[in-house]
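Asker: Okay, handing you the structure first.
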Amino acid sequence: LADILKQKGSSFIFIVGNHFIESENWQRLTESMNKEGLQFQLTSFKGEPTVDYIDNMVALFKPIKTDCIVSIGGGSIIDAGKALSAMLTVEGSVENYLEGVGSLNHPGTKIPMIAIPTTAGTGSEATKNAVICKHGSNGFKKSLRHNNFVPELALIDPELMVSCSPEITAASGLDAFTQLLESYVSSKANTYTEALAMSGIKSVKDFLICSYNNGNNINARGAMAYAAYLSGLTLSNAGLGTIHGFASAIGGMFDVPHGVICGSLLAPCTKMNIQKLLQSNNFSALEKYAKVGCVINNQFYQKMNESHIKGREMLIKKLYDWTEKLQILSLSSYGISENNIEEIVSKVDNKNNPVQLTKEDLAVVLKERLG
């Protein structure tokens with residue numbers, strides 16, 4: 001990294017996860033940068049990037065010459081780096097440029113940015129958006145988006161993920177799988193996104209539980225990093241579905257980790273999608289779900305009615321099995337109750353979902369994970 005930064009200038013901003021700051025890797029990196037005479041500013045935060053955090057960092061760093069921004073951490077850290085690199089070149093609050101919230105279109109100008117993920121989940125190192133939130137009853141979780149916001153460089157090293165806790169490994173892994181599955185069955189999917197998503201799905205199938213049970217398995221970590229990166233590519237080009245619609249709505253109202261929301265709702269929302277697809281006779285999406293069910297259960301898929309039914313049943317069973325094995329908490333653990341259902345479902349987006357779910361359908365899905 002120090003060799004790469006030498007080619008980009010001499011003054012840098014690092015946004016780094018708290019866990020990484022305490023590691024030997026950070027000590028070695030700072031030593032190598034000091035040896036090369038590179039100057040850098042450092043910032044860090046917990047949770048997800050908020051409007052206030054981005055605005056404060058822009059105010060702090062705008063007077064300082066910056067040649068490149070480096071994010072080392074999970075998806076939230078990388079999103080913060082993308083947002084900071086974009087907002088240092090314009091005036092006003094980041095809120096003014098967020099989709100569905102602000103009234104301004106960002107011109108796409110930015111400071112160069114490097115992404116180094118330390119979790120295998122969001123695929124943010126491959127995407128063109130940064131998710132920014134504001135918590136509370138009028139809260140939101142929206143994207144700052146432009147084609148230019150894809151990082152100039154992503155350094156993906158599974159050794160940086162070895163120290164991830166089982167809880168983060170589980171939530172991140174199910175987030176990656178959710179993105180792969182939702183983009184695979186998306187109404188905007190195409191031949192290329194389907195092929196990439198299926199490759200990632202196969203990696204999750206083989207290595208998610210392994211990386212959860214044995215975090216030191218570098219092959220498992222590498223395979224999950226690969227799956228997460230592919231999920232970023234596929235979501236950028238095919239979009240996501242209702243599970244991420246839930247994540248946006250809930251994430252704006254409650255301080256719940258994004259991966260936990262996705263992992264918690266993955267099984268019941270997929271089950272509801274399939275039930276509604278059976279009523280609408282959308283055989284294309286039903287076939288995709290059946291294929292995924294066969295793949296993640298190591299079964300051969302055949303274009304037969306029995307294989308269709310069995311594949312979908314196996315998919316739902318496996319997703320519930322993963323939720324239990326990975327000990328994904330219920331949403332009520334984060335203070336969400338049945339009193340919040342109506343407000344949450346009113347904010348859920350069905351965009352790109354293979355079937356439109358009603359508010360009643362969404363309420364059924366959410367209620368199941370409040371137990």
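Quick note on naming: the chains in the structure tokens go A, B, ... in the order shown, residues restart at 1 in each chain, and ligands are numbered from 1 in order of appearance.
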Mind checking which residues fall within 9 Å of stretch 86-102 of chain A, counting only C-alpha atoms, ignoring those fewer than 5 positions away in the same chain, and posting them as a list in words?

Answerer: Val51, Asp52, Ile54, Asp55, Val58, Ala59, Phe61, Lys62, Gly81, Pro107, Gly108, Thr109, Lys110, Ile111, Val131, Ile132, Phe140, Lys142, Ser143, Leu144, Arg145 and Phe149 of chain A

Asker: Which residues of stretch 224-304 of chain A sit at most 9 Å from stretch 320-323 of chain A, using only C-alpha atoms? Give each one's shortest atom pair and distance in Å (one decimal place), in chain and ascending residue order, as JSON lines.

Answerer:
```
{"residue": "A:Gly263", "atom": "CA", "partner": "A:Thr323", "partner_atom": "CA", "distance": 6.8}
{"residue": "A:Ser264", "atom": "CA", "partner": "A:Thr323", "partner_atom": "CA", "distance": 6.8}
{"residue": "A:Leu266", "atom": "CA", "partner": "A:Tyr320", "partner_atom": "CA", "distance": 8.4}
{"residue": "A:Ala267", "atom": "CA", "partner": "A:Tyr320", "partner_atom": "CA", "distance": 5.6}
{"residue": "A:Pro268", "atom": "CA", "partner": "A:Tyr320", "partner_atom": "CA", "distance": 8.1}
```

Asker: So which residues touch stretch 196-203 of chain A within 8 Å, counting only C-alpha atoms, skipping near sequence neighbours fewer than 4 positions away, as a list in words?

Answerer: Phe177, Leu180, Leu181, Ser183, Tyr184, Tyr192, Phe207, Leu208, Ala223, Met224, Tyr226, Ala227, Ala228, Leu230, Ser231, Thr234, Val292, Val295 and Ile296 of chain A

Asker: Taking only C-alpha atoms into account, which of A:Ser333, A:Ile274, A:Glu342, A:Ser248 comes nearest A:Leu315?

Answerer: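 The answer is A:Ile274, which sits nearest to A:Leu315.
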
Asker: If you take only C-alpha atoms and a cut-off of 8 Å, which residues of stretch 50-121 of chain A touch stretch 154-168 of chain A, and what are their nearest atom pairs and distances in Å to one decimal, in chain and number order, as CSV?

Answerer:
```
residue,atom,partner,partner_atom,distance
A:Ile114,CA,A:Ala154,CA,5.9
A:Ala115,CA,A:Ala154,CA,4.8
A:Ile116,CA,A:Leu155,CA,5.0
A:Pro117,CA,A:Ile156,CA,6.2
A:Thr118,CA,A:Met161,CA,5.0
A:Thr119,CA,A:Met161,CA,5.5
A:Ala120,CA,A:Met161,CA,7.4
```

Asker: Determine, counting only C-alpha atoms, which protein, DNA and RNA residues have an atom within 9 Å of an atom of A:Leu357; residues of the same chain fewer than 6 positions away are not included. Present the result as a PyMOL selection string.

Answerer: chain A and resi 242+272-273+276+350

Asker: Which of stretch 255-339 of chain A counts as helix (DSSP H, G or I) under DSSP, as a PyMOL selection string please?

Answerer: chain A and resi 258-280+283-296+305-325+331-334+338-339

Asker: With only C-alpha atoms as the atoms that count, which of A:Lys271, A:Arg369, A:Lys82, A:Lys134 lies nearest to A:Ser337?

Answerer: A:Arg369

Asker: Mind dumping a table of every stretch 47-115 of chain A residue within 8 Å of stretch 16-38 of chain A, with the nearest atom pair and its distance in Å to one decimal, using only C-alpha atoms, sorted by chain and rising number, as JSON lines?

Answerer:
```
{"residue": "A:Ser71", "atom": "CA", "partner": "A:Val16", "partner_atom": "CA", "distance": 5.8}
{"residue": "A:Ile72", "atom": "CA", "partner": "A:Val16", "partner_atom": "CA", "distance": 4.8}
{"residue": "A:Gly73", "atom": "CA", "partner": "A:Gly17", "partner_atom": "CA", "distance": 4.8}
{"residue": "A:Gly74", "atom": "CA", "partner": "A:Gly17", "partner_atom": "CA", "distance": 7.2}
{"residue": "A:Ile77", "atom": "CA", "partner": "A:Gly17", "partner_atom": "CA", "distance": 6.5}
```

Asker: Create the file for the chosen residues now, containing N, CA, C and O atoms and written as a PDB file, in the first residue's frame.

Answerer:
```
ATOM      1  N   SER A  71      -9.726   3.809   2.758  1.00  0.00           N
ATOM      2  CA  SER A  71     -10.629   3.207   3.742  1.00  0.00           C
ATOM      3  C   SER A  71     -10.191   1.781   4.017  1.00  0.00           C
ATOM      4  O   SER A  71     -10.058   0.980   3.086  1.00  0.00           O
ATOM      5  N   ILE A  72      -9.959   1.455   5.292  1.00  0.00           N
ATOM      6  CA  ILE A  72      -9.596   0.094   5.687  1.00  0.00           C
ATOM      7  C   ILE A  72     -10.583  -0.350   6.761  1.00  0.00           C
ATOM      8  O   ILE A  72     -10.545   0.127   7.902  1.00  0.00           O
ATOM      9  N   GLY A  73     -11.504  -1.221   6.397  1.00  0.00           N
ATOM     10  CA  GLY A  73     -12.505  -1.674   7.356  1.00  0.00           C
ATOM     11  C   GLY A  73     -13.660  -2.365   6.666  1.00  0.00           C
ATOM     12  O   GLY A  73     -13.552  -2.818   5.520  1.00  0.00           O
ATOM     13  N   GLY A  74     -14.791  -2.419   7.361  1.00  0.00           N
ATOM     14  CA  GLY A  74     -15.985  -3.034   6.804  1.00  0.00           C
ATOM     15  C   GLY A  74     -16.685  -2.108   5.815  1.00  0.00           C
ATOM     16  O   GLY A  74     -16.181  -1.024   5.476  1.00  0.00           O
ATOM     17  N   ILE A  77     -17.080   1.613   6.747  1.00  0.00           N
ATOM     18  CA  ILE A  77     -15.848   2.398   6.633  1.00  0.00           C
ATOM     19  C   ILE A  77     -15.578   2.754   5.174  1.00  0.00           C
ATOM     20  O   ILE A  77     -15.198   3.883   4.839  1.00  0.00           O
TER      21      ILE A  77
END
```

Asker: Going by DSSP on the backbone, which bits of stretch 90-265 of chain A are strand (DSSP E)? Write them as a list in words, please.

Answerer: Met113, Ile114, Ala115, Ile116, Pro117, Asn129, Ala130, Val131, Ile132, Cys133, Lys134, Phe140, Lys141, Lys142, Ser143, Leu144, Arg145, Leu153 and Ala154 of chain A

Asker: Just N, CA and C atoms for this one: save the residues we selected as a compact mmCIF listing (two decimals), in the first residue's frame.

Answerer:
```
# COMPACT_ATOMS: atom_id res chain seq x y z
N MET A 113 -9.69 7.44 -4.33
CA MET A 113 -10.04 6.67 -3.14
C MET A 113 -9.66 5.20 -3.32
N ILE A 114 -9.08 4.61 -2.27
CA ILE A 114 -8.69 3.20 -2.25
C ILE A 114 -9.50 2.49 -1.17
N ALA A 115 -10.05 1.34 -1.51
CA ALA A 115 -10.86 0.56 -0.56
C ALA A 115 -10.14 -0.74 -0.20
N ILE A 116 -10.04 -1.00 1.10
CA ILE A 116 -9.41 -2.23 1.58
C ILE A 116 -10.37 -2.87 2.59
N PRO A 117 -11.20 -3.83 2.15
CA PRO A 117 -12.19 -4.42 3.07
C PRO A 117 -11.54 -5.36 4.08
N ASN A 129 -21.94 3.45 -4.94
CA ASN A 129 -22.74 4.22 -3.99
C ASN A 129 -22.17 4.13 -2.59
N ALA A 130 -22.49 5.12 -1.78
CA ALA A 130 -22.15 5.13 -0.36
C ALA A 130 -23.44 5.30 0.42
N VAL A 131 -23.72 4.39 1.33
CA VAL A 131 -24.96 4.42 2.11
C VAL A 131 -24.75 5.26 3.36
N ILE A 132 -25.56 6.29 3.51
CA ILE A 132 -25.46 7.22 4.63
C ILE A 132 -26.78 7.21 5.39
N CYS A 133 -26.72 7.29 6.72
CA CYS A 133 -27.96 7.17 7.49
C CYS A 133 -28.15 8.35 8.44
N LYS A 134 -29.37 8.48 8.87
CA LYS A 134 -29.75 9.39 9.96
C LYS A 134 -30.79 8.63 10.78
N PHE A 140 -33.44 7.97 8.00
CA PHE A 140 -33.37 7.36 6.68
C PHE A 140 -32.02 6.67 6.51
N LYS A 141 -31.94 5.87 5.48
CA LYS A 141 -30.71 5.20 5.08
C LYS A 141 -30.70 5.25 3.56
N LYS A 142 -29.95 6.20 2.99
CA LYS A 142 -30.02 6.47 1.57
C LYS A 142 -28.63 6.52 0.95
N SER A 143 -28.59 6.45 -0.38
CA SER A 143 -27.31 6.38 -1.08
C SER A 143 -26.89 7.70 -1.71
N LEU A 144 -25.59 7.96 -1.61
CA LEU A 144 -24.92 8.96 -2.43
C LEU A 144 -24.35 8.17 -3.60
N ARG A 145 -24.81 8.47 -4.82
CA ARG A 145 -24.50 7.56 -5.93
C ARG A 145 -24.03 8.30 -7.17
N LEU A 153 -9.14 1.79 -6.68
CA LEU A 153 -8.42 0.55 -6.43
C LEU A 153 -9.03 -0.16 -5.24
N ALA A 154 -9.18 -1.46 -5.33
CA ALA A 154 -9.61 -2.27 -4.19
C ALA A 154 -8.55 -3.32 -3.93
```

Asker: Between atom CA of A:Thr178 and atom CA of A:Tyr229, measure the distance and give it in Å to one decimal.

Answerer: 12.9 Å

Asker: Under the rule that only C-alpha atoms are counted, which of A:Asn339, A:Gln356, A:Asn213, A:Ser137 is the nearest residue to A:Ala170?

Answerer: A:Asn213

Asker: Have a look at A:Asp361, A:Lys351, A:His135, A:Glu287 and name the one nearest to A:Tyr301; count only C-alpha atoms.

Answerer: A:Glu287

Asker: From the list A:Asn353, A:Ser332, A:Ser346, A:Thr50, which residue is nearest A:Leu277 when using only C-alpha atoms?

Answerer: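 Result for the nearest residue to A:Leu277: A:Asn353.
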
Asker: Measuring between only C-alpha atoms, which one of A:Ser76, A:Ser307, A:Asn298, A:Thr66 shows the shortest distance to A:Lys8?

Answerer: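 Under the stated criterion, the closest residue is A:Thr66.
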